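Have a look at the structure below before the remarks.
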Amino acid sequence: MFQILSIKGTINFLRHAVAISGLSLILVLASLGSLAVKGINWGLDFTGGTVVEMEFENPVDLNKLRAALTSDETDGAVVQNFGSSRDVLIRLPVKEGVKSDLQVEHVMEAAAKVDPSVTQKRVEFVGPQVGKELAEQGGLAVLVALICILIYVSFRFEWRLALGSVAALAHDVIITLGVFSMFQLEFDLTVLAGVLTVVGYSLNDTIVVFDRIRENFLKMRKGTPVDVVNNSITQTMSRTIITTGTTLVVVVALFLKGGTMIHGFATALLMGIFVGTFSSIYVASFLAVKLGINREHMMPVEIEKEGADQEALMP
């Protein structure tokens, strides 16, 4: 049970901050280790390849279609429904010495064995160089987002809170990437969009807590920084529960029923919501306390009025 402070109704969240922060550190190190050893299972958006979209007259058995793709040109193909059970999307990796047109030809031959009435709707090719550029730009997008957030929070709050918020965001991104690396889940552009969404979601939760911390530092003149942070987190907890709960309903629905096309996106969001919620408390807020945040840091800067020194000298 959480210990109740002298302030009535306040939960001592930071009582367990050291232990939970230690667990977060272990998760971050494990994620970095997995990223270093296993790497990321990049999707065709980043590695390059051919995408074939086709439509069948009747719902198709994907396992039967996969079994028909037996040629060397179609080895490693990813087969999934796209929209309805009659629409199928096949992703083919780049193979050295094999042209994309030949791969598409073998795919259509295999599909015709399953259903002769199959029609080809779309063919797209992503070159390896384009995929490499997408990976670099995606990583740069995350880095730029973190730097801009650091600047924004520094201006809006105080540098100790800014470092806490950026540390929490980096914590969320690293652990989310670590899960994808550890379980070798496919990482494509939809997952990258999910990671950037996690950054925004986690930042929103952290900003709400920081706003209340700033207000309470000005109101609670006798409270210690730990008291102020605990009280602020307690006051915003109902909002966090409602926001997280309603978001989880949507994300879980996408995860279970959204189909394979957005499964990675839903997985990234699901991980980010859980990790981001507690990082706002046990990474961002706790780090700010450890950096020595206090009431003086939250006081607005006094602007001296013109002529105030002459008025002070008047009898």
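Residues are named by chain letter and number: chains run A, B, ... in the order of the structure tokens, numbers start at 1 in each chain, and ligands are numbered from 1 in the order shown.
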
Run DSSP on the backbone of this structure and report the residues of range 84-266 of chain A it assigns to alpha helix (DSSP H), as number ranges by chain.
A: 100-114, 128-156, 159-182, 189-219, 225-257, 263-266

Save the residues we just selected, C-alpha atoms, as a compact mmCIF listing (two decimals), in the first residue's frame?
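Wrote again.txt, looks like this:
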```txt
# COMPACT_ATOMS: atom_id res chain seq x y z
CA SER A 100 10.71 -7.33 -59.84
CA ASP A 101 8.62 -8.17 -62.93
CA LEU A 102 9.66 -11.82 -62.71
CA GLN A 103 8.66 -11.95 -59.03
CA VAL A 104 5.24 -10.51 -59.83
CA GLU A 105 4.79 -13.04 -62.63
CA HIS A 106 5.47 -15.97 -60.28
CA VAL A 107 3.12 -14.49 -57.67
CA MET A 108 0.25 -14.23 -60.15
CA GLU A 109 0.88 -17.79 -61.38
CA ALA A 110 0.70 -19.09 -57.80
CA ALA A 111 -2.45 -17.06 -57.12
CA ALA A 112 -4.09 -18.39 -60.28
CA LYS A 113 -3.64 -21.94 -58.96
CA VAL A 114 -5.67 -20.97 -55.89
CA PRO A 128 16.84 -0.59 -51.29
CA GLN A 129 18.32 2.91 -51.47
CA VAL A 130 14.89 4.49 -50.93
CA GLY A 131 14.31 2.17 -47.99
CA LYS A 132 17.66 3.15 -46.46
CA GLU A 133 16.79 6.83 -46.81
CA LEU A 134 13.41 6.23 -45.16
CA ALA A 135 15.11 4.54 -42.20
CA GLU A 136 17.57 7.42 -41.80
CA GLN A 137 14.84 10.05 -42.10
CA GLY A 138 12.65 8.18 -39.61
CA GLY A 139 15.42 8.11 -37.01
CA LEU A 140 16.14 11.78 -37.69
CA ALA A 141 12.45 12.60 -37.22
CA VAL A 142 12.45 11.04 -33.75
CA LEU A 143 15.70 12.84 -32.80
CA VAL A 144 14.44 16.23 -34.02
CA ALA A 145 11.17 15.71 -32.14
CA LEU A 146 13.06 15.09 -28.88
CA ILE A 147 15.28 18.17 -29.38
CA CYS A 148 12.28 20.42 -30.16
CA ILE A 149 10.47 19.10 -27.10
CA LEU A 150 13.52 19.84 -24.93
CA ILE A 151 13.59 23.43 -26.21
CA TYR A 152 9.82 23.86 -25.80
CA VAL A 153 9.68 22.51 -22.24
CA SER A 154 12.77 24.54 -21.26
CA PHE A 155 11.03 27.76 -22.31
CA ARG A 156 7.66 26.81 -20.83
CA TRP A 159 15.48 23.12 -17.48
CA ARG A 160 15.24 20.48 -14.73
CA LEU A 161 11.71 19.64 -15.79
CA ALA A 162 12.79 19.74 -19.43
CA LEU A 163 15.52 17.15 -18.85
CA GLY A 164 13.03 14.99 -16.96
CA SER A 165 10.51 15.12 -19.81
CA VAL A 166 13.08 14.32 -22.51
CA ALA A 167 14.50 11.47 -20.40
CA ALA A 168 10.97 10.06 -20.07
CA LEU A 169 10.39 10.33 -23.83
CA ALA A 170 13.71 8.67 -24.65
CA HIS A 171 12.86 5.98 -22.09
CA ASP A 172 9.51 5.30 -23.81
CA VAL A 173 10.97 5.19 -27.32
CA ILE A 174 13.90 2.91 -26.36
CA ILE A 175 11.70 0.39 -24.54
CA THR A 176 9.15 0.35 -27.37
CA LEU A 177 11.92 -0.26 -29.92
CA GLY A 178 13.40 -2.86 -27.57
CA VAL A 179 10.16 -4.85 -27.56
CA PHE A 180 10.10 -4.87 -31.38
CA SER A 181 13.75 -5.93 -31.43
CA MET A 182 13.43 -8.62 -28.75
CA LEU A 189 6.32 3.00 -41.60
CA THR A 190 3.12 2.41 -39.63
CA VAL A 191 5.19 1.39 -36.60
CA LEU A 192 7.33 4.51 -37.00
CA ALA A 193 4.12 6.56 -36.98
CA GLY A 194 3.14 4.71 -33.81
CA VAL A 195 6.47 5.56 -32.14
CA LEU A 196 6.04 9.26 -32.98
CA THR A 197 2.48 9.08 -31.64
CA VAL A 198 3.84 7.59 -28.41
CA VAL A 199 6.19 10.58 -28.11
CA GLY A 200 3.27 12.99 -28.38
CA TYR A 201 1.05 10.99 -26.02
CA SER A 202 3.73 10.66 -23.35
CA LEU A 203 4.62 14.35 -23.63
CA ASN A 204 0.98 15.37 -23.18
CA ASP A 205 0.72 13.36 -19.95
CA THR A 206 4.01 14.78 -18.67
CA ILE A 207 3.03 18.38 -19.46
CA VAL A 208 -0.22 17.98 -17.48
CA VAL A 209 1.71 16.77 -14.43
CA PHE A 210 4.34 19.51 -14.78
CA ASP A 211 1.67 22.21 -15.02
CA ARG A 212 0.20 21.05 -11.73
CA ILE A 213 3.66 20.81 -10.14
CA ARG A 214 4.35 24.44 -11.09
CA GLU A 215 1.00 25.58 -9.67
CA ASN A 216 1.47 23.68 -6.41
CA PHE A 217 4.99 24.99 -5.88
CA LEU A 218 3.45 28.47 -5.75
CA LYS A 219 0.52 27.40 -3.55
CA PRO A 225 9.51 19.17 -3.35
CA VAL A 226 8.53 15.53 -2.75
CA ASP A 227 5.27 16.63 -1.12
CA VAL A 228 4.49 18.95 -4.02
CA VAL A 229 5.21 16.29 -6.67
CA ASN A 230 3.17 13.63 -4.86
CA ASN A 231 0.27 16.02 -4.44
CA SER A 232 0.42 17.06 -8.10
CA ILE A 233 0.46 13.48 -9.36
CA THR A 234 -2.46 12.59 -7.07
CA GLN A 235 -4.50 15.54 -8.35
CA THR A 236 -3.93 14.59 -12.00
CA MET A 237 -4.36 10.84 -11.49
CA SER A 238 -8.10 10.83 -12.23
CA ARG A 239 -7.46 12.63 -15.51
CA THR A 240 -4.67 10.16 -16.36
CA ILE A 241 -6.88 7.14 -15.63
CA ILE A 242 -9.75 8.46 -17.75
CA THR A 243 -7.50 9.46 -20.67
CA THR A 244 -5.47 6.24 -20.59
CA GLY A 245 -8.57 4.09 -20.20
CA THR A 246 -10.45 5.58 -23.14
CA THR A 247 -7.32 5.45 -25.33
CA LEU A 248 -6.71 1.83 -24.40
CA VAL A 249 -10.24 0.86 -25.47
CA VAL A 250 -9.54 2.13 -28.99
CA VAL A 251 -5.99 0.76 -29.20
CA VAL A 252 -6.98 -2.70 -27.94
CA ALA A 253 -9.77 -2.79 -30.52
CA LEU A 254 -7.26 -1.91 -33.25
CA PHE A 255 -4.83 -4.51 -31.91
CA LEU A 256 -7.41 -7.31 -31.89
CA LYS A 257 -9.60 -6.43 -34.88
CA HIS A 263 -1.12 -4.47 -36.11
CA GLY A 264 2.38 -3.02 -35.67
CA PHE A 265 0.98 0.48 -35.19
CA ALA A 266 -1.40 -0.77 -32.49
```

One-decimal distance in Å that lies between CA of Arg122 in chain A and CA of Arg66 in chain A
18.9 Å

Spatial neighbours of Asn58 in chain A, max dist 12 Å, only C-alpha atoms, sep filter under 5 positions, as a PyMOL selection string:
chain A and resi 84-88+114-119

Let me see the file: selected residues, all heavy atoms, as a short mmCIF file (atom, residue, chain, number, x, y, z; two decimals), in the first residue's frame.
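This went into selection_24.cif:
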```cif
data_model
loop_
_atom_site.label_atom_id
_atom_site.label_comp_id
_atom_site.auth_asym_id
_atom_site.auth_seq_id
_atom_site.Cartn_x
_atom_site.Cartn_y
_atom_site.Cartn_z
N SER A 84 -10.54 -6.58 -47.03
CA SER A 84 -11.50 -7.67 -46.91
C SER A 84 -10.78 -9.01 -47.08
O SER A 84 -9.59 -9.07 -47.40
CB SER A 84 -12.61 -7.52 -47.96
OG SER A 84 -12.09 -7.73 -49.27
N SER A 85 -11.54 -10.09 -46.89
CA SER A 85 -10.96 -11.43 -47.02
C SER A 85 -10.72 -11.81 -48.47
O SER A 85 -10.08 -12.83 -48.75
CB SER A 85 -11.89 -12.46 -46.35
OG SER A 85 -13.18 -12.42 -46.94
N ARG A 86 -11.22 -11.00 -49.41
CA ARG A 86 -11.00 -11.27 -50.84
C ARG A 86 -9.81 -10.47 -51.38
O ARG A 86 -9.34 -10.76 -52.48
CB ARG A 86 -12.26 -10.92 -51.64
CG ARG A 86 -13.46 -11.79 -51.30
CD ARG A 86 -14.64 -11.55 -52.25
NE ARG A 86 -15.07 -10.16 -52.24
CZ ARG A 86 -14.90 -9.32 -53.25
NH1 ARG A 86 -14.27 -9.72 -54.34
NH2 ARG A 86 -15.33 -8.08 -53.17
N ASP A 87 -9.37 -9.47 -50.64
CA ASP A 87 -8.22 -8.66 -51.06
C ASP A 87 -6.97 -9.13 -50.33
O ASP A 87 -6.97 -9.27 -49.10
CB ASP A 87 -8.47 -7.19 -50.75
CG ASP A 87 -9.66 -6.64 -51.52
OD1 ASP A 87 -9.74 -6.91 -52.73
OD2 ASP A 87 -10.52 -5.97 -50.91
N VAL A 88 -5.92 -9.35 -51.09
CA VAL A 88 -4.67 -9.89 -50.53
C VAL A 88 -3.51 -9.00 -50.94
O VAL A 88 -3.44 -8.52 -52.09
CB VAL A 88 -4.43 -11.34 -51.01
CG1 VAL A 88 -3.06 -11.84 -50.54
CG2 VAL A 88 -5.53 -12.25 -50.51
N VAL A 114 -4.70 -21.00 -57.00
CA VAL A 114 -5.67 -20.97 -55.89
C VAL A 114 -7.04 -20.54 -56.39
O VAL A 114 -8.08 -21.10 -56.01
CB VAL A 114 -5.17 -20.03 -54.77
CG1 VAL A 114 -6.20 -19.94 -53.64
CG2 VAL A 114 -3.84 -20.52 -54.23
N ASP A 115 -7.06 -19.51 -57.27
CA ASP A 115 -8.31 -18.98 -57.81
C ASP A 115 -8.02 -18.39 -59.19
O ASP A 115 -7.39 -17.33 -59.30
CB ASP A 115 -8.88 -17.90 -56.88
CG ASP A 115 -10.25 -17.41 -57.33
OD1 ASP A 115 -10.70 -17.81 -58.43
OD2 ASP A 115 -10.86 -16.62 -56.60
N PRO A 116 -8.46 -19.06 -60.25
CA PRO A 116 -8.16 -18.58 -61.62
C PRO A 116 -8.73 -17.20 -61.92
O PRO A 116 -8.27 -16.53 -62.85
CB PRO A 116 -8.81 -19.65 -62.51
CG PRO A 116 -8.92 -20.87 -61.65
CD PRO A 116 -9.16 -20.35 -60.27
N SER A 117 -9.72 -16.75 -61.15
CA SER A 117 -10.36 -15.47 -61.43
C SER A 117 -9.65 -14.30 -60.74
O SER A 117 -10.16 -13.18 -60.74
CB SER A 117 -11.83 -15.50 -60.99
OG SER A 117 -11.92 -15.73 -59.59
N VAL A 118 -8.49 -14.54 -60.17
CA VAL A 118 -7.77 -13.48 -59.45
C VAL A 118 -7.37 -12.36 -60.42
O VAL A 118 -7.05 -12.61 -61.58
CB VAL A 118 -6.51 -14.06 -58.76
CG1 VAL A 118 -5.53 -14.63 -59.79
CG2 VAL A 118 -5.83 -13.00 -57.89
N THR A 119 -7.44 -11.13 -59.91
CA THR A 119 -7.04 -9.97 -60.71
C THR A 119 -6.00 -9.16 -59.96
O THR A 119 -6.06 -9.01 -58.74
CB THR A 119 -8.25 -9.06 -61.02
OG1 THR A 119 -8.87 -8.65 -59.78
CG2 THR A 119 -9.27 -9.79 -61.87
#
```
